[in-house]
>>> print(open('data.txt').read())   # compact mmCIF, C-alpha atoms
# COMPACT_ATOMS: atom_id res chain seq x y z
CA MET S 1 0.00 0.00 0.00
CA LYS S 2 2.79 2.36 0.88
CA ARG S 3 4.44 1.78 -2.42
CA ARG S 4 1.21 2.63 -4.17
CA SER S 5 0.72 5.96 -2.45
CA PHE S 6 4.38 6.76 -3.00
CA LEU S 7 3.96 6.17 -6.73
CA LYS S 8 0.85 8.31 -6.80
CA GLY S 9 2.68 11.14 -5.09
CA THR S 10 5.59 11.14 -7.49
CA LEU S 11 3.29 10.93 -10.48
CA ALA S 12 1.28 13.91 -9.31
CA THR S 13 4.30 16.10 -8.68
CA GLY S 14 5.79 14.92 -11.97
CA ALA S 15 2.70 16.02 -13.84
CA ALA S 16 2.72 19.39 -12.10
CA ALA S 17 6.36 19.92 -13.06
CA VAL S 18 5.60 19.09 -16.69
CA ALA S 19 2.73 21.56 -16.62
CA VAL S 20 5.01 24.29 -15.32
CA ASN S 21 7.60 23.53 -17.97
CA ALA S 22 5.03 23.68 -20.73
CA GLY S 23 3.99 27.10 -19.50
CA LEU S 24 0.50 25.92 -18.67
CA LEU S 25 0.49 27.48 -15.23
CA VAL S 26 1.82 30.81 -16.42
CA PRO S 27 -0.91 33.46 -16.40
CA SER S 28 -0.25 34.22 -20.07
CA THR S 29 -2.58 31.34 -21.00
CA VAL S 30 -5.46 33.04 -19.18
CA LEU S 31 -8.29 33.30 -21.63
CA ALA S 32 -9.04 36.61 -23.22
CA ALA S 33 -12.80 36.33 -23.12
CA GLU S 34 -14.76 37.79 -20.26
CA TRP S 35 -17.57 35.76 -18.73
CA ASN S 36 -20.86 37.48 -19.58
CA LYS S 37 -22.36 37.68 -16.12
CA THR S 38 -25.55 39.51 -17.10
CA ALA S 39 -26.41 36.92 -19.73
CA PHE S 40 -25.74 33.94 -17.49
CA LYS S 41 -27.60 35.36 -14.48
CA ALA S 42 -30.69 36.15 -16.56
CA LYS S 43 -33.64 33.97 -15.62
CA ALA S 44 -35.71 34.39 -18.79
CA THR S 45 -34.67 33.34 -22.28
CA ASP S 46 -35.32 36.78 -23.75
CA ASP S 47 -33.24 38.56 -21.13
CA ALA S 48 -30.36 36.17 -21.65
CA LEU S 49 -30.48 36.68 -25.43
CA LYS S 50 -30.61 40.45 -25.00
CA ALA S 51 -27.55 40.44 -22.77
CA LEU S 52 -25.71 38.11 -25.11
CA PHE S 53 -26.62 39.36 -28.57
CA GLY S 54 -28.16 42.76 -27.86
CA THR S 55 -31.58 41.69 -29.08
CA SER S 56 -34.08 38.94 -28.39
CA ALA S 57 -35.75 39.04 -31.81
CA THR S 58 -35.24 35.64 -33.39
CA THR S 59 -36.46 33.97 -36.55
CA ASP S 60 -37.35 30.29 -36.61
CA SER S 61 -35.12 28.46 -39.02
CA GLY S 62 -35.16 24.96 -40.39
CA ASP S 63 -31.47 25.19 -41.22
CA ILE S 64 -30.43 24.76 -37.63
CA HIS S 65 -30.54 21.10 -36.79
CA LEU S 66 -31.16 20.69 -33.11
CA LYS S 67 -30.80 17.14 -31.94
CA ALA S 68 -32.06 16.39 -28.46
CA PRO S 69 -33.93 13.40 -27.05
CA ALA S 70 -37.74 13.61 -26.87
CA ILE S 71 -37.58 12.00 -23.45
CA ALA S 72 -34.52 12.34 -21.25
CA GLU S 73 -34.43 9.71 -18.55
CA ASN S 74 -31.82 11.61 -16.62
CA GLY S 75 -32.07 15.37 -16.92
CA ALA S 76 -28.56 15.83 -15.53
CA VAL S 77 -27.06 14.55 -18.75
CA THR S 78 -29.16 15.53 -21.74
CA PRO S 79 -27.20 15.18 -24.96
CA VAL S 80 -27.75 18.15 -27.26
CA THR S 81 -26.29 18.66 -30.71
CA VAL S 82 -26.65 21.88 -32.68
CA ASP S 83 -25.66 21.64 -36.32
CA ALA S 84 -25.80 24.93 -38.22
CA THR S 85 -23.16 23.98 -40.78
CA SER S 86 -25.65 24.41 -43.65
CA ILE S 87 -25.80 28.14 -42.86
CA SER S 88 -22.79 30.09 -44.04
CA GLY S 89 -21.04 32.56 -41.79
CA VAL S 90 -22.27 31.37 -38.41
CA GLU S 91 -20.68 33.63 -35.81
CA SER S 92 -22.15 32.26 -32.60
CA ILE S 93 -24.33 29.53 -31.21
CA ALA S 94 -26.07 29.66 -27.86
CA ILE S 95 -27.89 26.83 -26.14
CA LEU S 96 -30.66 27.67 -23.70
CA ALA S 97 -33.07 25.71 -21.54
CA ASP S 98 -36.07 27.93 -20.95
CA LYS S 99 -37.22 26.71 -17.53
CA ASN S 100 -33.85 26.20 -15.85
CA PRO S 101 -33.08 28.59 -12.95
CA THR S 102 -30.92 30.53 -15.38
CA ALA S 103 -31.84 29.98 -19.01
CA LEU S 104 -28.51 30.29 -20.77
CA VAL S 105 -26.49 27.08 -20.74
CA CYS S 106 -23.57 27.84 -23.02
CA ALA S 107 -22.55 30.23 -25.75
CA TYR S 108 -19.95 29.64 -28.47
CA ASN S 109 -18.24 32.13 -30.77
CA PHE S 110 -16.70 30.92 -34.00
CA SER S 111 -13.98 32.44 -36.10
CA GLY S 112 -11.65 31.36 -38.90
CA PRO S 113 -11.69 27.62 -39.53
CA ALA S 114 -14.45 26.78 -37.05
CA LEU S 115 -17.75 25.39 -38.29
CA GLY S 116 -21.12 26.12 -36.70
CA TYR S 117 -21.42 22.84 -34.88
CA VAL S 118 -21.60 22.05 -31.18
CA SER S 119 -22.38 18.84 -29.39
CA THR S 120 -22.53 18.71 -25.61
CA ARG S 121 -24.48 17.49 -22.61
CA ILE S 122 -26.59 19.77 -20.45
CA LYS S 123 -28.53 19.69 -17.19
CA MET S 124 -32.29 20.14 -17.19
CA GLY S 125 -34.36 20.47 -14.05
CA LYS S 126 -37.69 19.45 -15.54
CA THR S 127 -39.57 19.09 -18.80
CA MET S 128 -38.88 22.14 -20.94
CA ASN S 129 -37.76 23.45 -24.30
CA VAL S 130 -34.18 23.33 -25.45
CA ILE S 131 -33.51 26.35 -27.62
CA ALA S 132 -30.60 26.77 -30.00
CA VAL S 133 -29.89 30.24 -31.30
CA ALA S 134 -27.35 30.84 -34.06
CA LYS S 135 -26.12 34.25 -35.14
CA ALA S 136 -25.32 34.54 -38.83
CA GLY S 137 -25.14 37.67 -40.97
CA GLY S 138 -26.40 39.86 -38.14
CA LYS S 139 -29.56 37.78 -37.71
CA LEU S 140 -30.59 35.47 -34.93
CA LEU S 141 -31.94 32.14 -36.05
CA LYS S 142 -33.71 29.81 -33.68
CA ALA S 143 -34.65 26.16 -33.36
CA GLN S 144 -36.33 24.60 -30.39
CA GLN S 145 -37.47 21.26 -29.14
CA GLN S 146 -39.25 20.03 -26.08
CA VAL S 147 -37.48 17.50 -23.92
CA LYS S 148 -39.45 15.52 -21.36
CA VAL S 149 -37.43 14.97 -18.24
CA THR S 150 -38.37 12.11 -15.96
CA ILE S 151 -35.65 12.72 -13.35
CA GLY S 152 -34.51 16.28 -12.72
CA GLY S 153 -30.91 17.28 -13.13
CA CYS S 154 -30.48 19.81 -10.37
CA GLY S 155 -30.48 17.59 -7.31
CA GLY S 156 -33.28 17.10 -4.76
CA MET Z 1 -4.26 20.97 -9.88
CA SER Z 2 -5.17 21.36 -13.42
CA ILE Z 3 -8.35 20.17 -15.04
CA LYS Z 4 -8.02 16.76 -16.69
CA ILE Z 5 -8.99 16.49 -20.34
CA ARG Z 6 -9.26 13.55 -22.70
CA MET Z 7 -9.37 14.58 -26.32
CA ARG Z 8 -9.64 12.97 -29.72
CA GLY Z 9 -9.70 14.43 -33.19
CA LYS Z 10 -10.12 13.00 -36.64
CA VAL Z 11 -9.94 14.69 -40.03
CA ARG Z 12 -12.39 13.58 -42.68
CA GLY Z 13 -12.83 15.43 -45.95
CA GLY Z 14 -11.01 18.54 -44.72
CA VAL Z 15 -13.14 18.79 -41.60
CA ALA Z 16 -11.86 17.78 -38.21
CA GLU Z 17 -14.24 16.66 -35.51
CA VAL Z 18 -12.66 17.22 -32.14
CA LYS Z 19 -14.21 15.53 -29.13
CA ALA Z 20 -13.23 16.11 -25.56
CA LEU Z 21 -14.19 14.66 -22.21
CA ILE Z 22 -13.36 16.88 -19.28
CA LYS Z 23 -13.16 15.78 -15.68
CA HIS Z 24 -14.92 18.45 -13.68
CA PRO Z 25 -17.74 18.51 -11.08
CA MET Z 26 -19.59 21.41 -12.78
CA GLU Z 27 -21.30 22.39 -9.52
CA SER Z 28 -23.84 25.11 -10.34
CA GLY Z 29 -24.04 26.55 -6.82
CA LEU Z 30 -27.78 25.86 -6.71
CA ARG Z 31 -27.69 22.30 -5.39
CA LYS Z 32 -28.46 21.91 -1.70
CA ASN Z 33 -26.44 19.86 0.73
CA LYS Z 34 -29.21 18.10 2.64
CA LYS Z 35 -27.11 17.61 5.77
CA THR Z 36 -26.13 21.23 6.30
CA GLY Z 37 -29.01 22.92 4.46
CA LYS Z 38 -26.51 25.09 2.62
CA ASN Z 39 -25.85 25.08 -1.08
CA TYR Z 40 -22.74 23.43 -2.41
CA PRO Z 41 -20.35 26.18 -3.52
CA ALA Z 42 -20.31 26.82 -7.25
CA LYS Z 43 -17.47 25.29 -9.21
CA TYR Z 44 -17.91 25.13 -12.94
CA ILE Z 45 -15.94 25.78 -16.10
CA ASP Z 46 -16.82 29.25 -17.38
CA LEU Z 47 -14.39 29.85 -20.23
CA VAL Z 48 -13.40 27.48 -23.01
CA GLU Z 49 -11.17 28.12 -25.97
CA VAL Z 50 -10.23 25.97 -28.95
CA LYS Z 51 -7.09 26.90 -30.86
CA LEU Z 52 -5.99 25.58 -34.23
CA ASN Z 53 -2.24 25.79 -34.77
CA GLY Z 54 -2.02 28.36 -31.99
CA THR Z 55 -4.76 30.66 -33.34
CA LYS Z 56 -8.09 31.00 -31.60
CA ALA Z 57 -10.91 29.37 -33.57
CA ILE Z 58 -13.68 28.96 -31.02
CA ASP Z 59 -14.29 30.56 -27.69
CA ALA Z 60 -17.15 29.57 -25.48
CA GLN Z 61 -18.72 30.55 -22.21
CA TRP Z 62 -20.41 27.96 -20.06
CA SER Z 63 -22.68 28.07 -17.06
CA GLY Z 64 -23.24 25.55 -14.30
CA ALA Z 65 -25.97 24.01 -16.44
CA VAL Z 66 -23.46 22.07 -18.51
CA SER Z 67 -23.40 18.48 -17.23
CA ALA Z 68 -20.79 17.22 -14.82
CA ASN Z 69 -17.73 15.75 -16.52
CA PRO Z 70 -18.62 17.66 -19.69
CA TYR Z 71 -18.45 16.18 -23.14
CA VAL Z 72 -18.01 18.58 -26.00
CA ALA Z 73 -17.56 18.11 -29.72
CA VAL Z 74 -16.79 20.81 -32.28
CA LYS Z 75 -15.88 20.88 -35.96
CA LEU Z 76 -13.08 22.78 -37.67
CA LYS Z 77 -11.69 23.03 -41.16
CA ALA Z 78 -8.28 21.45 -40.71
CA ASN Z 79 -5.67 19.16 -42.17
CA LYS Z 80 -3.96 16.09 -40.87
CA GLY Z 81 -1.02 17.00 -38.66
CA ASP Z 82 -2.55 20.27 -37.49
CA THR Z 83 -2.46 20.95 -33.77
CA VAL Z 84 -5.64 21.56 -31.84
CA GLU Z 85 -5.51 22.94 -28.34
CA LEU Z 86 -8.28 23.11 -25.78
CA VAL Z 87 -7.92 25.63 -22.96
CA LEU Z 88 -10.24 25.71 -19.95
CA HIS Z 89 -10.81 28.02 -17.01
CA ASP Z 90 -13.26 27.61 -14.14
CA ASN Z 91 -14.88 30.11 -11.81
CA THR Z 92 -12.46 29.29 -9.01
CA GLY Z 93 -9.48 30.08 -11.21
CA GLU Z 94 -8.46 26.52 -11.96
CA THR Z 95 -7.22 25.99 -15.49
CA GLY Z 96 -6.45 23.13 -17.82
CA SER Z 97 -5.31 22.62 -21.35
CA LYS Z 98 -4.54 19.86 -23.77
CA LYS Z 99 -2.90 19.72 -27.17
CA LEU Z 100 -3.63 17.17 -29.84
CA LYS Z 101 -2.18 16.43 -33.24
CA LEU Z 102 -4.95 15.66 -35.70
CA LYS Z 103 -4.94 12.33 -37.48
>>> encode(input="data.txt", output="structure tokens")
Amino acid sequence: MKRRSFLKGTLATGAAAVAVNAGLLVPSTVLAAEWNKTAFKAKATDDALKALFGTSATTDSGDIHLKAPAIAENGAVTPVTVDATSISGVESIAILADKNPTALVCAYNFSGPALGYVSTRIKMGKTMNVIAVAKAGGKLLKAQQQVKVTIGGCGG
Amino acid sequence: MSIKIRMRGKVRGGVAEVKALIKHPMESGLRKNKKTGKNYPAKYIDLVEVKLNGTKAIDAQWSGAVSANPYVAVKLKANKGDTVELVLHDNTGETGSKKLKLK
């Protein structure tokens, strides 16, 4: 047992040393983007969109493919895929869950070689709509789908 | 401690799909500890960045509503041999990053 914990200890310090050498712990890798507090603290979908994009006026679009399960057995891990690759010039994609305590789940900005595609897993407290909003050419395009949640994702 | 990341990337037809699994509790700060009646303190990844050959291609902001141990997949126009880097930052200041050579 002792040998095991000894090995663990050396491995951990070894990894930390490598990280330092690679410059990972140097503050220069701190990300440039600022966390949009107003958008993420907003309770309603519209308020979150306003804080994020400056407007909450969206157009429904069939070009955004939102893939989410019709029934999520476990709301804590709801797989969601947003595919807006058929739209050219997608600048951002935001994923929202309209009845969560705070609606905005995540927001992505794309530049250069990135394509308008995001796949992730989100938490959902109860049955609600998952909304995907993509910004392209100064317009906000929207797709939404209801997901039935049988077990909530935000604890008891 | 840095955030642990597992990452894979494959190029097909000039488009790379990069998938990552991140080890992180993603505690939203809203969940109650039944024993103490207080909420668990928030600890979630708030900033995410994907770089291709050192240049920023995607930046994302997350909330505590992204699932624990997040999975994320994105697509980039890229070639075999290009380097993709994922950089993470959480609300407590913890960071993590991982580089991957595309196959």
>>> interface_residues(input="data.txt", of="chain Z", to="chain S", cutoff="9 Å", atoms="only C-alpha atoms", output="PyMOL selection string")
chain Z and resi 1-2+15+19+28+30-32+34+46-49+52+55-68+70-78+87-89+95-97
>>> closest_residue(input="data.txt", among="Z:Asn91, Z:Asn53, Z:Asn39, Z:Asn79", to="Met26 in chain Z", atoms="only C-alpha atoms")
Z:Asn91
>>> atom_distance(input="data.txt", atom1="CA of Lys10 in chain Z", atom2="CA of Ile87 in chain S")
22.7 Å
>>> atom_distance(input="data.txt", atom1="CA of Lys135 in chain S", atom2="CA of Asp47 in chain S")
16.3 Å
>>> atom_distance(input="data.txt", atom1="CA of His24 in chain Z", atom2="CA of Tyr44 in chain Z")
7.4 Å
